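Take a look at the structure set out below.
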Amino acid sequence: IAPPQEAGDIYLSAYEHGFTPGRHHQTVLGASRVSWFDYPLGGSLREKQDVLDRLRPGAKFLIVNHPTKADSYTIEDMEKLTGYDAVEVASKYGVWDDFWDAALSAGRPIWGVATDDGHAQTDTEIGSHIGIGKVVIHSAERTTAGVLAALHAGKFHSLYTRQGEGPIALELCELEGDRLHVRIGEPAEVIRFYGTYGRLLREERGRSEASYTIPASEPYVRVEVIAHHAVLYLNPVLRWDGIALPRPEARFLPART
């Protein structure tokens with residue numbers, strides 16, 4: 001948590017929380033101070049929920065990090081935990097789209113981010129993984145408030161370029177009625193549409209665009225695009241009431257925790 005270095009910078013504080021052997025880590029955006037509370041020897045579902053509940057009041061946006069690093073989270077955890085905004089779906093430690101689908105299929109309106117998990121821009125890190133995960137934010141205005149509003153609305157997409165591949169240009173993603181249409185700036189190796197529990201609904205190979213008509217029985221659909229070995233993750237299109245996304249809240253039982 002440090003002030004901006006240059007006048008006019010968009011400043012959004014960020015730090016990675018957690019110092020447990022089990023690597024139960026979270027990225028906290030927008031906090032004004034660091035929370036030092038954790039369960040150093042813990043790792044139960046209840047303890048993980050308690051940590052999220054304690055971080056939530058001071059966080060403008062909260063991300064669950066690298067779910068399988070040191071077996072820190074399980075698929076079952078993602079089906080039950082609440083109070084976070086996004087999950088890391090790809091970084092230098094792996095790919096976790098199945099954890100994302102588990103949360104979405106359990107009714108959690110969770111976004112997905114790809115990151116590099118870089119902590120210091122040393123020559124070694126820059127050469128190995130700095131920049132391999134990127135979040136492209138679709139903000140109406142170039143301000144901190146605009147960035148946060150876009151993050152909460154899921155108006156961003158992520159790029160995972162593990163071997164230093166170039167970015168994939170997203171030209172269009174729109175919903176007309178029940179038809180979801182996506183277009184990129186080059187022929188893709190594959191464009192895939194996924195539904196609940198990560199079921200493959202449709203795929204197109206060797207094309208720069210693809211469409212899928214979402215059936216009434218499908219609560220969400222998300223898109224992945226692979227081109228020149230890079231991966232583009234689009235946030236899911238969710239069925240909702242048009243007023244507010246559902247916010248399930250786990251009940252915390254202090255005595256059992």
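Ligands are numbered from 1 in the order shown, chains are lettered A, B, ... in the order of the structure tokens, and residues start at 1 in each chain.
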Exercise. Tell me which protein, DNA and RNA residues are within 12 Å of range 39-43 of chain A, counting only C-alpha atoms, leaving out same-chain ones fewer than 4 positions away, and put them as a ChimeraX atom specification.
Key: /A:17-25,47-52,54,70-74,77,257
Quiz item: Within 8 Å of Val225 in chain A, counting only C-alpha atoms, which residues qualify if same-chain residues fewer than 3 places away don't, as a ChimeraX atom specification?
Solution: /A:188-192,231-233
Using N, CA and C atoms, can you export the residues from the last selection as an mmCIF file, in the first residue's frame?
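Everything below was put into again.cif:
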```cif
data_model
loop_
_atom_site.group_PDB
_atom_site.id
_atom_site.type_symbol
_atom_site.label_atom_id
_atom_site.label_comp_id
_atom_site.auth_asym_id
_atom_site.auth_seq_id
_atom_site.Cartn_x
_atom_site.Cartn_y
_atom_site.Cartn_z
ATOM 1 N N ALA A 188 -8.881 -17.750 -34.497
ATOM 2 C CA ALA A 188 -8.492 -18.401 -33.251
ATOM 3 C C ALA A 188 -8.227 -19.882 -33.465
ATOM 4 N N GLU A 189 -7.364 -20.432 -32.620
ATOM 5 C CA GLU A 189 -7.251 -21.883 -32.605
ATOM 6 C C GLU A 189 -8.598 -22.486 -32.237
ATOM 7 N N VAL A 190 -9.232 -21.914 -31.203
ATOM 8 C CA VAL A 190 -10.553 -22.388 -30.804
ATOM 9 C C VAL A 190 -11.247 -21.318 -29.970
ATOM 10 N N ILE A 191 -12.545 -21.191 -30.143
ATOM 11 C CA ILE A 191 -13.405 -20.352 -29.303
ATOM 12 C C ILE A 191 -14.401 -21.297 -28.646
ATOM 13 N N ARG A 192 -14.426 -21.310 -27.316
ATOM 14 C CA ARG A 192 -15.275 -22.253 -26.593
ATOM 15 C C ARG A 192 -16.281 -21.522 -25.701
ATOM 16 N N VAL A 231 -4.358 -17.340 -24.043
ATOM 17 C CA VAL A 231 -5.746 -17.613 -23.665
ATOM 18 C C VAL A 231 -6.418 -16.318 -23.234
ATOM 19 N N LEU A 232 -7.605 -16.084 -23.744
ATOM 20 C CA LEU A 232 -8.423 -14.941 -23.346
ATOM 21 C C LEU A 232 -9.619 -15.478 -22.570
ATOM 22 N N TYR A 233 -9.833 -14.950 -21.359
ATOM 23 C CA TYR A 233 -10.958 -15.346 -20.516
ATOM 24 C C TYR A 233 -11.965 -14.199 -20.465
#
```
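When the distance limit is 10 Å and only C-alpha atoms are what count, the residues near range 160-163 of chain A, minus those fewer than 3 positions from it on the same chain, are Val89, Ala90, Ser91, Lys92, Gly94, Val95, Val113, Ala114, Thr115, Asp116, Ser128, His129, Ile130, Gly131, Ile132, Gly133, Lys134, Val135, Gly166, Pro167, Ile168, Ile226, His228, His229, Ala230, Val231, Leu232 and Tyr233 of chain A.
Distances from A:Leu172, A:Leu180, A:Val87, A:Ala7 to Tyr220 in chain A were compared using only C-alpha atoms, and the smallest one belongs to A:Leu180.
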Exercise. Give the strand (DSSP E) residues of range 183-215 of chain A, as DSSP finds them on the backbone, and put them as a list in words.
Key: Arg183, Ile184, Val190, Ile191, Arg192, Phe193, Tyr194, Leu200, Leu201, Arg202, Glu203, Glu204, Glu209, Ala210, Ser211, Tyr212 and Thr213 of chain A
Those same residues - C-alpha atoms - I'd like them written as a JSON list (two decimals), in the first residue's frame.
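part_33.json was written with the following content:
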```
[["chain", "number", "residue", "atom", "x", "y", "z"],
["A", 183, "ARG", "CA", -15.22, -11.61, -32.27],
["A", 184, "ILE", "CA", -11.44, -11.28, -32.03],
["A", 190, "VAL", "CA", -10.55, -22.39, -30.80],
["A", 191, "ILE", "CA", -13.41, -20.35, -29.30],
["A", 192, "ARG", "CA", -15.27, -22.25, -26.59],
["A", 193, "PHE", "CA", -18.55, -21.58, -24.76],
["A", 194, "TYR", "CA", -18.85, -23.16, -21.30],
["A", 200, "LEU", "CA", -18.56, -27.51, -23.12],
["A", 201, "LEU", "CA", -21.59, -26.07, -24.92],
["A", 202, "ARG", "CA", -20.08, -25.12, -28.26],
["A", 203, "GLU", "CA", -16.73, -24.58, -29.93],
["A", 204, "GLU", "CA", -15.53, -23.08, -33.20],
["A", 209, "GLU", "CA", -15.85, -15.06, -34.39],
["A", 210, "ALA", "CA", -18.46, -17.37, -32.93],
["A", 211, "SER", "CA", -22.00, -17.26, -31.56],
["A", 212, "TYR", "CA", -24.08, -19.32, -29.16],
["A", 213, "THR", "CA", -27.78, -19.11, -28.36]]
```
Quiz item: So which residues of range 97-187 of chain A fall under helix (DSSP H, G or I) by DSSP, listed as a ChimeraX atom specification?
Solution: /A:97-105,123-128,144-152
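Shortest separation to Ile63 in chain A among A:Ala244, A:Ile110, A:Ala31, A:Leu45 occurs at residue A:Ile110, atoms counted being only C-alpha atoms.
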Self-check item: Nearby residues (only C-alpha atoms) at most 8 Å from Phe61 in chain A, same-chain spacing under 4 positions excluded, as a PyMOL selection string
Solution: chain A and resi 28-30+84-85+148+151-152
